Amino acid sequence: MARVITLCNQKGGVGKSTSAQALAAFLAAYGRKVLLVDFDAQANTTSGMGVNPRKVDQGVYHALIGRAPAHEAVKKTQLLGVDLLPANSALAGAAVELVDMRNREYKLKEALEPLRRKYDFIIIDSAPSLGLLTINALTAAQKIIIPVQCEYYALEGLADLLRTVQLINTNLKTRIGVMGALLTMYDRKSRLHRAVAKEIRRKFPGYVFQAVIPRNVALAEAPSYGKTILQYDPYSHGAKAYRELAAEVLKMEGLREA
Ligand code: ATP
Ligand code: MG
């Protein structure tokens with residue numbers, strides 16, 4: 001049964017989508033079957049994987065609302081071992097449609113359940129909010145990864161998110177675990193970055209990945225070619241860091257680098 005991992009942070013532009021795509025790619029490179037779920041109406045992960053969101057007529061929205069089974073919306077990608085459940089702009093209205101539904105907090109979980117047999121990992125990219133859609137992305141997960149940029153407000157954001165996860169676990173009877181915070185866009189020459197990274201490791205010991213993602217231009221360029229960093233520049237510093245992250249995730253899950 002697939003392990004479901006959601007990348008989340010209510011703060012925008014911290015590297016959720018970049019990390020979701022790169023982690024999926026390197027887990028696949030280690031021989032695991034991965035379903036990447038784009039659960040953000042911005043559809044960055046969909047276009048980043050080389051699929052035009054405007055040409056997606058069946059996507060995660062249809063599965064979520066129960067219009068079609070999720071497997072019908074799954075697409076192969078150019079990357080062996082990575083399938084994509086794409087997003088399109090229809091997802092933007094989904095929160096409103098969900099409000100009146102039964103089990104509205106668990107719709108994504110229900111939609112993905114039949115797919116869990118087919119994959120080793122399901123990686124969910126979520127939107128920068130804490131609304132009903134993101135709650136769905138959280139309840140669907142067994143574990144979460146929180147990408148954080150080493151900036152002044154990062155700690156408060158991280159604490160808020162951890163509190164939200166606790167609230168969800170208490171009120172929605174889930175057992176979402178925190179895999180860890182992932183430091184992204186790190187500039188080791190920046191004194192602020194070094195100080196914030198140190199502070200995050202001090203405040204959340206054992207909950208920060210060893211792998212640190214550097215600021216790396218190849219990571220910013222890859223999506224404009226519809227490619228993951230593994231395809232675009234596998235020897236870049238960014239690729240190396242995400243390979244380490246994937247290895248760490250496998251180890252945490254008690255799996256070997258196949
Ligand atoms: P949103 O909250 O809008 O969904 P996000 O958290 O998914 O954003 P990304 O889209 O992954 O963040 O990254 C934000 C921007 O920073 C993108 O333009 C991306 O290409 C760039 N970026 C992400 N990680 C890096 C990195 N390590 N080095 C350089 N650029 C990066
Ligand atoms: Mg994103």
# chains A, B, ... in the order shown; residues from 1 in each chain; ligands from 1
call {"tool": "residues_near_ligand", "arguments": {"ligand": "ligand 1", "cutoff": "7 Å", "atoms": "only C-alpha atoms and all ligand atoms", "output": "PyMOL selection string"}}
result
chain A and resi 11-19+44+126-128+184-186+213-217+219-221+223+238
call {"tool": "write_last_selection", "arguments": {"atoms": "N, CA and C atoms", "output": "CSV table (one decimal), in the first residue's frame"}}
result
chain,number,residue,atom,x,y,z
A,11,LYS,N,2.3,29.2,3.7
A,11,LYS,CA,3.1,30.3,3.1
A,11,LYS,C,3.3,29.9,1.6
A,12,GLY,N,3.2,31.0,0.8
A,12,GLY,CA,3.4,30.8,-0.6
A,12,GLY,C,4.8,30.8,-1.1
A,13,GLY,N,5.2,30.1,-2.1
A,13,GLY,CA,6.5,30.3,-2.7
A,13,GLY,C,7.6,29.7,-1.9
A,14,VAL,N,7.4,28.7,-1.1
A,14,VAL,CA,8.5,28.2,-0.3
A,14,VAL,C,9.2,26.9,-0.9
A,15,GLY,N,8.6,26.5,-2.0
A,15,GLY,CA,9.2,25.3,-2.7
A,15,GLY,C,8.4,24.1,-2.5
A,16,LYS,N,7.1,24.2,-2.2
A,16,LYS,CA,6.3,23.0,-2.2
A,16,LYS,C,6.3,22.2,-3.5
A,17,SER,N,5.9,22.9,-4.5
A,17,SER,CA,5.8,22.3,-5.8
A,17,SER,C,7.1,21.7,-6.4
A,18,THR,N,8.1,22.6,-6.3
A,18,THR,CA,9.5,22.1,-6.7
A,18,THR,C,9.9,20.9,-5.9
A,19,SER,N,9.6,20.9,-4.6
A,19,SER,CA,10.0,19.7,-3.8
A,19,SER,C,9.2,18.5,-4.1
A,44,ASN,N,0.9,24.3,-10.9
A,44,ASN,CA,2.3,24.3,-11.2
A,44,ASN,C,3.0,23.0,-11.3
A,126,SER,N,0.3,20.6,-2.3
A,126,SER,CA,-0.9,21.4,-1.8
A,126,SER,C,-0.7,22.9,-2.0
A,127,ALA,N,-1.8,23.6,-1.8
A,127,ALA,CA,-1.8,25.0,-2.1
A,127,ALA,C,-1.4,25.8,-0.9
A,128,PRO,N,-1.0,27.1,-1.1
A,128,PRO,CA,-0.6,27.9,0.0
A,128,PRO,C,-1.8,28.5,0.7
A,184,THR,N,14.6,25.0,2.3
A,184,THR,CA,14.7,25.2,0.9
A,184,THR,C,15.3,26.5,0.5
A,185,MET,N,15.8,26.6,-0.7
A,185,MET,CA,16.4,27.9,-1.2
A,185,MET,C,17.4,28.5,-0.3
A,186,TYR,N,18.2,27.6,0.2
A,186,TYR,CA,19.2,27.9,1.3
A,186,TYR,C,20.4,28.5,0.7
A,213,ILE,N,18.1,22.0,0.8
A,213,ILE,CA,18.0,22.4,-0.7
A,213,ILE,C,18.6,23.8,-0.9
A,214,PRO,N,19.7,23.8,-1.7
A,214,PRO,CA,20.3,25.2,-1.9
A,214,PRO,C,19.5,26.0,-2.9
A,215,ARG,N,19.7,27.3,-2.9
A,215,ARG,CA,19.1,28.1,-4.0
A,215,ARG,C,19.9,27.7,-5.2
A,216,ASN,N,19.2,27.3,-6.2
A,216,ASN,CA,19.9,26.8,-7.4
A,216,ASN,C,19.1,27.1,-8.7
A,217,VAL,N,19.8,27.8,-9.6
A,217,VAL,CA,19.1,28.3,-10.7
A,217,VAL,C,18.5,27.2,-11.6
A,219,LEU,N,17.0,24.5,-10.6
A,219,LEU,CA,15.7,24.2,-10.0
A,219,LEU,C,14.6,25.2,-10.5
A,220,ALA,N,15.0,26.4,-10.6
A,220,ALA,CA,14.0,27.4,-11.1
A,220,ALA,C,13.7,27.3,-12.6
A,221,GLU,N,14.8,26.9,-13.3
A,221,GLU,CA,14.6,26.8,-14.8
A,221,GLU,C,13.8,25.5,-15.2
A,223,PRO,N,11.1,23.8,-14.5
A,223,PRO,CA,9.7,23.7,-14.9
A,223,PRO,C,9.3,24.4,-16.2
A,238,GLY,N,21.1,21.3,-6.9
A,238,GLY,CA,19.7,21.1,-6.5
A,238,GLY,C,19.3,19.6,-6.7
call {"tool": "select_by_dssp", "arguments": {"residues": "range 51-252 of chain A", "states": "strand (DSSP E)", "output": "list in words"}}
result
Lys75, Lys76, Val82, Asp83, Leu84, Leu85, Phe121, Ile122, Ile123, Ile124, Asp125, Ser126, Lys143, Ile144, Ile145, Ile146, Pro147, Val148, Gln149, Gly177, Val178, Met179, Gly180, Ala181, Leu182, Leu183 and Thr184 of chain A
call {"tool": "select_by_dssp", "arguments": {"residues": "range 128-250 of chain A", "states": "alpha helix (DSSP H)", "output": "short mmCIF file (atom, residue, chain, number, x, y, z; two decimals) with N, CA and C atoms, in the first residue's frame"}}
result
data_model
loop_
_atom_site.label_atom_id
_atom_site.label_comp_id
_atom_site.auth_asym_id
_atom_site.auth_seq_id
_atom_site.Cartn_x
_atom_site.Cartn_y
_atom_site.Cartn_z
N LEU A 132 -10.23 24.45 3.23
CA LEU A 132 -10.79 23.10 3.18
C LEU A 132 -10.02 22.18 2.22
N LEU A 133 -9.54 22.74 1.12
CA LEU A 133 -8.78 21.89 0.19
C LEU A 133 -7.50 21.39 0.85
N THR A 134 -6.81 22.29 1.53
CA THR A 134 -5.57 21.87 2.18
C THR A 134 -5.86 20.88 3.31
N ILE A 135 -6.96 21.06 4.01
CA ILE A 135 -7.33 20.09 5.03
C ILE A 135 -7.52 18.71 4.39
N ASN A 136 -8.11 18.68 3.19
CA ASN A 136 -8.22 17.42 2.46
C ASN A 136 -6.84 16.84 2.13
N ALA A 137 -5.92 17.71 1.74
CA ALA A 137 -4.56 17.24 1.41
C ALA A 137 -3.88 16.69 2.65
N LEU A 138 -4.22 17.24 3.82
CA LEU A 138 -3.61 16.77 5.07
C LEU A 138 -4.24 15.46 5.55
N THR A 139 -5.56 15.39 5.54
CA THR A 139 -6.20 14.16 6.05
C THR A 139 -5.90 12.97 5.14
N ALA A 154 9.69 32.34 9.23
CA ALA A 154 9.56 30.90 8.98
C ALA A 154 9.15 30.13 10.23
N LEU A 155 9.75 30.50 11.37
CA LEU A 155 9.48 29.76 12.60
C LEU A 155 8.03 29.86 13.03
N GLU A 156 7.49 31.08 12.95
CA GLU A 156 6.08 31.25 13.33
C GLU A 156 5.16 30.46 12.42
N GLY A 157 5.45 30.51 11.12
CA GLY A 157 4.64 29.77 10.15
C GLY A 157 4.68 28.28 10.45
N LEU A 158 5.86 27.79 10.77
CA LEU A 158 6.05 26.38 11.07
C LEU A 158 5.26 25.99 12.33
N ALA A 159 5.34 26.82 13.34
CA ALA A 159 4.61 26.54 14.58
C ALA A 159 3.10 26.53 14.33
N ASP A 160 2.60 27.49 13.53
CA ASP A 160 1.17 27.53 13.20
C ASP A 160 0.72 26.26 12.50
N LEU A 161 1.54 25.84 11.55
CA LEU A 161 1.17 24.65 10.78
C LEU A 161 1.16 23.41 11.68
N LEU A 162 2.14 23.30 12.55
CA LEU A 162 2.19 22.13 13.44
C LEU A 162 0.97 22.12 14.37
N ARG A 163 0.57 23.31 14.81
CA ARG A 163 -0.63 23.42 15.65
C ARG A 163 -1.87 22.98 14.87
N THR A 164 -1.95 23.39 13.61
CA THR A 164 -3.08 23.00 12.77
C THR A 164 -3.14 21.48 12.61
N VAL A 165 -1.98 20.87 12.40
CA VAL A 165 -1.95 19.42 12.24
C VAL A 165 -2.43 18.73 13.52
N GLN A 166 -2.01 19.28 14.65
CA GLN A 166 -2.46 18.73 15.93
C GLN A 166 -3.98 18.84 16.08
N LEU A 167 -4.51 20.00 15.70
CA LEU A 167 -5.96 20.22 15.76
C LEU A 167 -6.70 19.23 14.88
N ILE A 168 -6.16 19.02 13.68
CA ILE A 168 -6.79 18.08 12.76
C ILE A 168 -6.76 16.68 13.36
N ASN A 169 -5.61 16.29 13.90
CA ASN A 169 -5.50 14.96 14.49
C ASN A 169 -6.49 14.77 15.64
N THR A 170 -6.69 15.82 16.44
CA THR A 170 -7.61 15.72 17.56
C THR A 170 -9.06 15.70 17.10
N ASN A 171 -9.40 16.60 16.18
CA ASN A 171 -10.81 16.78 15.83
C ASN A 171 -11.29 15.90 14.70
N ARG A 191 23.93 35.23 6.36
CA ARG A 191 23.98 35.07 7.81
C ARG A 191 22.58 34.79 8.37
N LEU A 192 21.57 35.45 7.79
CA LEU A 192 20.19 35.24 8.22
C LEU A 192 19.78 33.78 8.00
N HIS A 193 20.08 33.25 6.83
CA HIS A 193 19.72 31.86 6.54
C HIS A 193 20.37 30.91 7.55
N ARG A 194 21.65 31.13 7.80
CA ARG A 194 22.36 30.25 8.75
C ARG A 194 21.73 30.34 10.14
N ALA A 195 21.40 31.57 10.55
CA ALA A 195 20.82 31.76 11.89
C ALA A 195 19.43 31.10 11.99
N VAL A 196 18.61 31.31 10.96
CA VAL A 196 17.25 30.74 11.01
C VAL A 196 17.32 29.22 10.96
N ALA A 197 18.21 28.68 10.12
CA ALA A 197 18.34 27.22 10.03
C ALA A 197 18.72 26.64 11.39
N LYS A 198 19.65 27.30 12.06
CA LYS A 198 20.10 26.84 13.37
C LYS A 198 18.93 26.87 14.37
N GLU A 199 18.18 27.95 14.31
CA GLU A 199 17.05 28.13 15.22
C GLU A 199 15.96 27.06 14.97
N ILE A 200 15.70 26.77 13.70
CA ILE A 200 14.69 25.75 13.38
C ILE A 200 15.15 24.38 13.92
N ARG A 201 16.42 24.06 13.71
CA ARG A 201 16.94 22.77 14.22
C ARG A 201 16.90 22.72 15.74
N ARG A 202 17.09 23.88 16.38
CA ARG A 202 17.07 23.92 17.84
C ARG A 202 15.65 23.76 18.39
N LYS A 203 14.69 24.41 17.72
CA LYS A 203 13.30 24.37 18.20
C LYS A 203 12.59 23.08 17.85
N VAL A 217 19.79 27.77 -9.58
CA VAL A 217 19.07 28.29 -10.74
C VAL A 217 18.47 27.17 -11.60
N ALA A 218 19.12 26.01 -11.64
CA ALA A 218 18.58 24.90 -12.43
C ALA A 218 17.20 24.48 -11.92
N LEU A 219 17.02 24.54 -10.61
CA LEU A 219 15.71 24.19 -10.03
C LEU A 219 14.62 25.17 -10.50
N ALA A 220 14.99 26.43 -10.65
CA ALA A 220 14.02 27.43 -11.09
C ALA A 220 13.75 27.32 -12.59
N GLU A 221 14.75 26.85 -13.33
CA GLU A 221 14.60 26.77 -14.79
C GLU A 221 13.83 25.53 -15.25
N ILE A 229 13.99 18.28 -12.18
CA ILE A 229 15.43 18.54 -12.09
C ILE A 229 16.24 17.30 -12.46
N LEU A 230 15.68 16.14 -12.23
CA LEU A 230 16.36 14.89 -12.60
C LEU A 230 16.59 14.80 -14.10
N GLN A 231 15.60 15.27 -14.87
CA GLN A 231 15.74 15.24 -16.33
C GLN A 231 16.53 16.45 -16.84
N TYR A 232 16.32 17.59 -16.19
CA TYR A 232 16.86 18.84 -16.71
C TYR A 232 18.35 19.00 -16.41
N HIS A 237 23.55 21.08 -8.15
CA HIS A 237 23.50 21.02 -6.68
C HIS A 237 22.08 20.73 -6.21
N GLY A 238 21.12 21.31 -6.91
CA GLY A 238 19.71 21.09 -6.54
C GLY A 238 19.33 19.62 -6.66
N ALA A 239 19.74 19.01 -7.76
CA ALA A 239 19.42 17.59 -7.98
C ALA A 239 20.06 16.74 -6.88
N LYS A 240 21.29 17.05 -6.57
CA LYS A 240 22.03 16.28 -5.57
C LYS A 240 21.29 16.34 -4.22
N ALA A 241 20.82 17.54 -3.87
CA ALA A 241 20.14 17.71 -2.58
C ALA A 241 18.81 16.94 -2.56
N TYR A 242 18.08 16.97 -3.64
CA TYR A 242 16.81 16.24 -3.67
C TYR A 242 17.02 14.72 -3.71
N ARG A 243 18.14 14.29 -4.31
CA ARG A 243 18.47 12.87 -4.26
C ARG A 243 18.70 12.46 -2.81
N GLU A 244 19.39 13.31 -2.06
CA GLU A 244 19.63 13.02 -0.63
C GLU A 244 18.31 12.99 0.14
N LEU A 245 17.43 13.92 -0.20
CA LEU A 245 16.12 13.94 0.47
C LEU A 245 15.38 12.62 0.23
N ALA A 246 15.36 12.18 -1.04
CA ALA A 246 14.65 10.94 -1.37
C ALA A 246 15.25 9.77 -0.59
N ALA A 247 16.58 9.73 -0.50
CA ALA A 247 17.23 8.65 0.25
C ALA A 247 16.83 8.70 1.72
N GLU A 248 16.73 9.91 2.25
CA GLU A 248 16.34 10.07 3.65
C GLU A 248 14.90 9.59 3.88
N VAL A 249 14.03 9.93 2.94
CA VAL A 249 12.63 9.52 3.04
C VAL A 249 12.53 8.00 3.00
N LEU A 250 13.26 7.37 2.09
CA LEU A 250 13.24 5.91 2.00
C LEU A 250 13.70 5.29 3.31
#
call {"tool": "residues_around", "arguments": {"residues": "range 55-70 of chain A", "least_positions_apart": "5", "cutoff": "6 Å", "atoms": "only C-alpha atoms", "output": "PyMOL selection string"}}
result
chain A and resi 85-87+91+107-108+111
call {"tool": "write_last_selection", "arguments": {"atoms": "all heavy atoms", "output": "PDB file, in the first residue's frame"}}
result
ATOM      1  N   LEU A  85      -1.574  12.816 -11.237  1.00  0.00           N
ATOM      2  CA  LEU A  85      -2.997  13.140 -11.163  1.00  0.00           C
ATOM      3  C   LEU A  85      -3.048  14.664 -11.260  1.00  0.00           C
ATOM      4  O   LEU A  85      -2.743  15.371 -10.301  1.00  0.00           O
ATOM      5  CB  LEU A  85      -3.588  12.626  -9.850  1.00  0.00           C
ATOM      6  CG  LEU A  85      -5.085  12.824  -9.600  1.00  0.00           C
ATOM      7  CD1 LEU A  85      -5.932  12.330 -10.759  1.00  0.00           C
ATOM      8  CD2 LEU A  85      -5.509  12.087  -8.326  1.00  0.00           C
ATOM      9  N   PRO A  86      -3.370  15.186 -12.445  1.00  0.00           N
ATOM     10  CA  PRO A  86      -3.152  16.613 -12.704  1.00  0.00           C
ATOM     11  C   PRO A  86      -4.248  17.507 -12.126  1.00  0.00           C
ATOM     12  O   PRO A  86      -5.331  17.045 -11.774  1.00  0.00           O
ATOM     13  CB  PRO A  86      -3.169  16.684 -14.232  1.00  0.00           C
ATOM     14  CG  PRO A  86      -4.060  15.562 -14.648  1.00  0.00           C
ATOM     15  CD  PRO A  86      -3.901  14.478 -13.625  1.00  0.00           C
ATOM     16  N   ALA A  87      -3.925  18.782 -12.063  1.00  0.00           N
ATOM     17  CA  ALA A  87      -4.909  19.778 -11.642  1.00  0.00           C
ATOM     18  C   ALA A  87      -5.233  20.680 -12.827  1.00  0.00           C
ATOM     19  O   ALA A  87      -4.452  20.791 -13.765  1.00  0.00           O
ATOM     20  CB  ALA A  87      -4.336  20.630 -10.515  1.00  0.00           C
ATOM     21  N   LEU A  91     -10.324  23.212 -10.083  1.00  0.00           N
ATOM     22  CA  LEU A  91     -10.088  22.940  -8.664  1.00  0.00           C
ATOM     23  C   LEU A  91     -10.328  24.179  -7.794  1.00  0.00           C
ATOM     24  O   LEU A  91     -10.665  24.058  -6.612  1.00  0.00           O
ATOM     25  CB  LEU A  91      -8.649  22.431  -8.496  1.00  0.00           C
ATOM     26  CG  LEU A  91      -8.242  21.842  -7.156  1.00  0.00           C
ATOM     27  CD1 LEU A  91      -9.120  20.657  -6.792  1.00  0.00           C
ATOM     28  CD2 LEU A  91      -6.773  21.419  -7.192  1.00  0.00           C
ATOM     29  N   LYS A 107     -12.505  13.943   1.385  1.00  0.00           N
ATOM     30  CA  LYS A 107     -12.839  13.600  -0.005  1.00  0.00           C
ATOM     31  C   LYS A 107     -11.620  13.155  -0.808  1.00  0.00           C
ATOM     32  O   LYS A 107     -11.703  12.237  -1.618  1.00  0.00           O
ATOM     33  CB  LYS A 107     -13.493  14.804  -0.700  1.00  0.00           C
ATOM     34  CG  LYS A 107     -14.911  15.035  -0.259  1.00  0.00           C
ATOM     35  CD  LYS A 107     -15.766  13.920  -0.811  1.00  0.00           C
ATOM     36  CE  LYS A 107     -17.100  13.877  -0.116  1.00  0.00           C
ATOM     37  NZ  LYS A 107     -17.823  12.645  -0.417  1.00  0.00           N
ATOM     38  N   LEU A 108     -10.489  13.819  -0.589  1.00  0.00           N
ATOM     39  CA  LEU A 108      -9.293  13.433  -1.346  1.00  0.00           C
ATOM     40  C   LEU A 108      -8.809  12.048  -0.901  1.00  0.00           C
ATOM     41  O   LEU A 108      -8.453  11.213  -1.721  1.00  0.00           O
ATOM     42  CB  LEU A 108      -8.178  14.476  -1.186  1.00  0.00           C
ATOM     43  CG  LEU A 108      -6.922  14.190  -2.013  1.00  0.00           C
ATOM     44  CD1 LEU A 108      -7.225  14.205  -3.510  1.00  0.00           C
ATOM     45  CD2 LEU A 108      -5.804  15.175  -1.688  1.00  0.00           C
ATOM     46  N   ALA A 111     -10.921   9.505  -2.520  1.00  0.00           N
ATOM     47  CA  ALA A 111     -10.657   9.401  -3.957  1.00  0.00           C
ATOM     48  C   ALA A 111      -9.360   8.640  -4.238  1.00  0.00           C
ATOM     49  O   ALA A 111      -9.260   7.902  -5.216  1.00  0.00           O
ATOM     50  CB  ALA A 111     -10.590  10.793  -4.584  1.00  0.00           C
TER      51      ALA A 111
END
call {"tool": "atom_distance", "arguments": {"atom1": "CA of Phe39 in chain A", "atom2": "CA of Tyr235 in chain A"}}
result
28.9 Å
call {"tool": "atom_distance", "arguments": {"atom1": "CA of Asn88 in chain A", "atom2": "CA of Ala2 in chain A"}}
result
24.2 Å
call {"tool": "closest_residue", "arguments": {"among": "A:Gln210, A:Gln142, A:Ser224, A:Gln10", "to": "ligand 2", "atoms": "only C-alpha atoms and all ligand atoms"}}
result
A:Gln10
call {"tool": "residues_around", "arguments": {"residues": "Val178 in chain A", "least_positions_apart": "5", "cutoff": "7 Å", "atoms": "only C-alpha atoms", "output": "ChimeraX atom specification"}}
result
/A:143-145
call {"tool": "closest_residue", "arguments": {"among": "A:Ile146, A:Ala28, A:Ala43, A:Val96", "to": "ligand 2", "atoms": "only C-alpha atoms and all ligand atoms"}}
result
A:Ala43
call {"tool": "residues_around", "arguments": {"residues": "range 113-117 of chain A", "least_positions_apart": "3", "cutoff": "9 Å", "atoms": "only C-alpha atoms", "output": "ChimeraX atom specification"}}
result
/A:1-4,35,69-71,108-110,120-122,140
call {"tool": "write_last_selection", "arguments": {"atoms": "all heavy atoms", "output": "CSV table (one decimal), in the first residue's frame"}}
result
chain,number,residue,atom,x,y,z
A,1,MET,N,0.8,-1.2,0.0
A,1,MET,CA,0.0,0.0,0.0
A,1,MET,C,0.9,1.3,0.0
A,1,MET,O,1.8,1.4,0.8
A,1,MET,CB,-0.9,0.0,1.3
A,1,MET,CG,-2.0,-1.0,1.2
A,1,MET,SD,-3.2,-0.6,0.0
A,1,MET,CE,-4.4,0.3,0.9
A,2,ALA,N,0.5,2.2,-0.9
A,2,ALA,CA,1.3,3.4,-1.0
A,2,ALA,C,1.4,4.2,0.3
A,2,ALA,O,0.4,4.3,1.0
A,2,ALA,CB,0.8,4.3,-2.1
A,3,ARG,N,2.5,4.7,0.6
A,3,ARG,CA,2.6,5.7,1.7
A,3,ARG,C,2.2,7.1,1.1
A,3,ARG,O,2.7,7.4,0.0
A,3,ARG,CB,4.0,5.8,2.2
A,3,ARG,CG,4.5,4.5,2.9
A,3,ARG,CD,5.9,4.3,2.6
A,3,ARG,NE,6.5,3.4,3.6
A,3,ARG,CZ,6.6,2.1,3.4
A,3,ARG,NH1,6.2,1.5,2.3
A,3,ARG,NH2,7.1,1.3,4.4
A,4,VAL,N,1.4,7.8,1.8
A,4,VAL,CA,0.9,9.1,1.2
A,4,VAL,C,1.6,10.2,2.0
A,4,VAL,O,1.5,10.3,3.2
A,4,VAL,CB,-0.6,9.2,1.3
A,4,VAL,CG1,-1.1,10.5,0.6
A,4,VAL,CG2,-1.3,8.0,0.8
A,35,LEU,N,2.9,8.1,-7.5
A,35,LEU,CA,1.8,8.9,-8.1
A,35,LEU,C,2.0,10.3,-7.5
A,35,LEU,O,2.0,10.5,-6.3
A,35,LEU,CB,0.5,8.4,-7.7
A,35,LEU,CG,-0.7,9.3,-8.2
A,35,LEU,CD1,-0.8,9.3,-9.7
A,35,LEU,CD2,-2.0,8.8,-7.5
A,69,PRO,N,-13.8,8.1,-11.3
A,69,PRO,CA,-12.8,7.5,-10.4
A,69,PRO,C,-11.4,8.1,-10.7
A,69,PRO,O,-11.1,8.4,-11.9
A,69,PRO,CB,-12.9,6.0,-10.8
A,69,PRO,CG,-13.7,5.9,-12.0
A,69,PRO,CD,-14.5,7.2,-12.2
A,70,ALA,N,-10.6,8.2,-9.7
A,70,ALA,CA,-9.3,8.9,-9.8
A,70,ALA,C,-8.5,8.2,-10.9
A,70,ALA,O,-7.8,8.9,-11.6
A,70,ALA,CB,-8.6,8.8,-8.5
A,71,HIS,N,-8.5,6.9,-11.0
A,71,HIS,CA,-7.6,6.2,-12.0
A,71,HIS,C,-7.9,6.7,-13.4
A,71,HIS,O,-6.9,6.7,-14.2
A,71,HIS,CB,-7.7,4.7,-11.9
A,71,HIS,CG,-8.9,4.1,-12.4
A,71,HIS,ND1,-9.1,3.8,-13.7
A,71,HIS,CD2,-10.1,3.8,-11.7
A,71,HIS,CE1,-10.3,3.3,-13.8
A,71,HIS,NE2,-10.9,3.3,-12.6
A,108,LEU,N,-10.5,13.8,-0.6
A,108,LEU,CA,-9.3,13.4,-1.3
A,108,LEU,C,-8.8,12.0,-0.9
A,108,LEU,O,-8.5,11.2,-1.7
A,108,LEU,CB,-8.2,14.5,-1.2
A,108,LEU,CG,-6.9,14.2,-2.0
A,108,LEU,CD1,-7.2,14.2,-3.5
A,108,LEU,CD2,-5.8,15.2,-1.7
A,109,LYS,N,-8.8,11.8,0.4
A,109,LYS,CA,-8.5,10.5,0.9
A,109,LYS,C,-9.3,9.4,0.3
A,109,LYS,O,-8.8,8.4,-0.2
A,109,LYS,CB,-8.7,10.5,2.5
A,109,LYS,CG,-8.2,9.3,3.2
A,109,LYS,CD,-8.6,9.4,4.7
A,109,LYS,CE,-8.2,8.2,5.4
A,109,LYS,NZ,-6.7,8.1,5.6
A,110,GLU,N,-10.6,9.6,0.3
A,110,GLU,CA,-11.5,8.6,-0.3
A,110,GLU,C,-11.2,8.4,-1.8
A,110,GLU,O,-11.2,7.3,-2.3
A,110,GLU,CB,-13.0,9.1,-0.3
A,110,GLU,CG,-13.6,9.0,1.1
A,110,GLU,CD,-15.0,9.7,1.2
A,110,GLU,OE1,-15.6,10.0,0.2
A,110,GLU,OE2,-15.4,9.9,2.3
A,120,ASP,N,4.0,2.8,-4.6
A,120,ASP,CA,4.8,2.8,-3.4
A,120,ASP,C,4.6,4.1,-2.6
A,120,ASP,O,4.6,4.1,-1.4
A,120,ASP,CB,6.3,2.5,-3.6
A,120,ASP,CG,6.5,1.2,-4.3
A,120,ASP,OD1,6.1,0.2,-3.8
A,120,ASP,OD2,7.2,1.2,-5.4
A,121,PHE,N,4.5,5.2,-3.4
A,121,PHE,CA,4.4,6.5,-2.7
A,121,PHE,C,3.3,7.3,-3.5
A,121,PHE,O,3.3,7.2,-4.7
A,121,PHE,CB,5.7,7.3,-2.8
A,121,PHE,CG,6.7,6.8,-1.8
A,121,PHE,CD1,7.7,5.9,-2.2
A,121,PHE,CD2,6.7,7.3,-0.5
A,121,PHE,CE1,8.6,5.4,-1.2
A,121,PHE,CE2,7.6,6.8,0.5
A,121,PHE,CZ,8.6,5.9,0.1
A,122,ILE,N,2.5,8.0,-2.7
A,122,ILE,CA,1.7,9.0,-3.3
A,122,ILE,C,2.1,10.4,-2.7
A,122,ILE,O,2.2,10.5,-1.5
A,122,ILE,CB,0.2,8.8,-3.1
A,122,ILE,CG1,-0.3,7.5,-3.7
A,122,ILE,CG2,-0.7,10.0,-3.6
A,122,ILE,CD1,-1.8,7.1,-3.5
A,140,ALA,N,-5.6,13.2,3.9
A,140,ALA,CA,-5.2,12.2,3.0
A,140,ALA,C,-3.9,11.6,3.3
A,140,ALA,O,-3.5,10.5,2.8
A,140,ALA,CB,-5.3,12.7,1.5
call {"tool": "residues_around", "arguments": {"residues": "Leu36 in chain A", "least_positions_apart": "2", "cutoff": "8 Å", "atoms": "only C-alpha atoms", "output": "PyMOL selection string"}}
result
chain A and resi 20-21+24+34+38+82-85+122-125
call {"tool": "decode", "arguments": {"residues": "range 170-176 of chain A", "atoms": "N, CA, C and O atoms", "output": "PDB file, in the first residue's frame"}}
result
ATOM      1  N   THR A 170      -6.687  15.824  16.436  1.00  0.00           N
ATOM      2  CA  THR A 170      -7.612  15.724  17.564  1.00  0.00           C
ATOM      3  C   THR A 170      -9.062  15.705  17.100  1.00  0.00           C
ATOM      4  O   THR A 170      -9.854  14.875  17.530  1.00  0.00           O
ATOM      5  N   ASN A 171      -9.401  16.602  16.184  1.00  0.00           N
ATOM      6  CA  ASN A 171     -10.811  16.785  15.828  1.00  0.00           C
ATOM      7  C   ASN A 171     -11.294  15.899  14.699  1.00  0.00           C
ATOM      8  O   ASN A 171     -12.476  15.592  14.617  1.00  0.00           O
ATOM      9  N   LEU A 172     -10.397  15.513  13.832  1.00  0.00           N
ATOM     10  CA  LEU A 172     -10.828  14.723  12.677  1.00  0.00           C
ATOM     11  C   LEU A 172     -10.374  13.268  12.787  1.00  0.00           C
ATOM     12  O   LEU A 172     -10.480  12.498  11.846  1.00  0.00           O
ATOM     13  N   LYS A 173      -9.866  12.906  13.974  1.00  0.00           N
ATOM     14  CA  LYS A 173      -9.483  11.518  14.225  1.00  0.00           C
ATOM     15  C   LYS A 173      -8.513  10.970  13.181  1.00  0.00           C
ATOM     16  O   LYS A 173      -8.647   9.845  12.709  1.00  0.00           O
ATOM     17  N   THR A 174      -7.544  11.777  12.812  1.00  0.00           N
ATOM     18  CA  THR A 174      -6.498  11.307  11.914  1.00  0.00           C
ATOM     19  C   THR A 174      -5.230  11.115  12.744  1.00  0.00           C
ATOM     20  O   THR A 174      -5.180  11.498  13.913  1.00  0.00           O
ATOM     21  N   ARG A 175      -4.235  10.496  12.118  1.00  0.00           N
ATOM     22  CA  ARG A 175      -2.939  10.351  12.785  1.00  0.00           C
ATOM     23  C   ARG A 175      -1.823  10.793  11.854  1.00  0.00           C
ATOM     24  O   ARG A 175      -0.922  10.033  11.525  1.00  0.00           O
ATOM     25  N   ILE A 176      -1.946  12.038  11.418  1.00  0.00           N
ATOM     26  CA  ILE A 176      -0.958  12.587  10.487  1.00  0.00           C
ATOM     27  C   ILE A 176       0.357  12.789  11.247  1.00  0.00           C
ATOM     28  O   ILE A 176       0.375  13.410  12.310  1.00  0.00           O
TER      29      ILE A 176
END
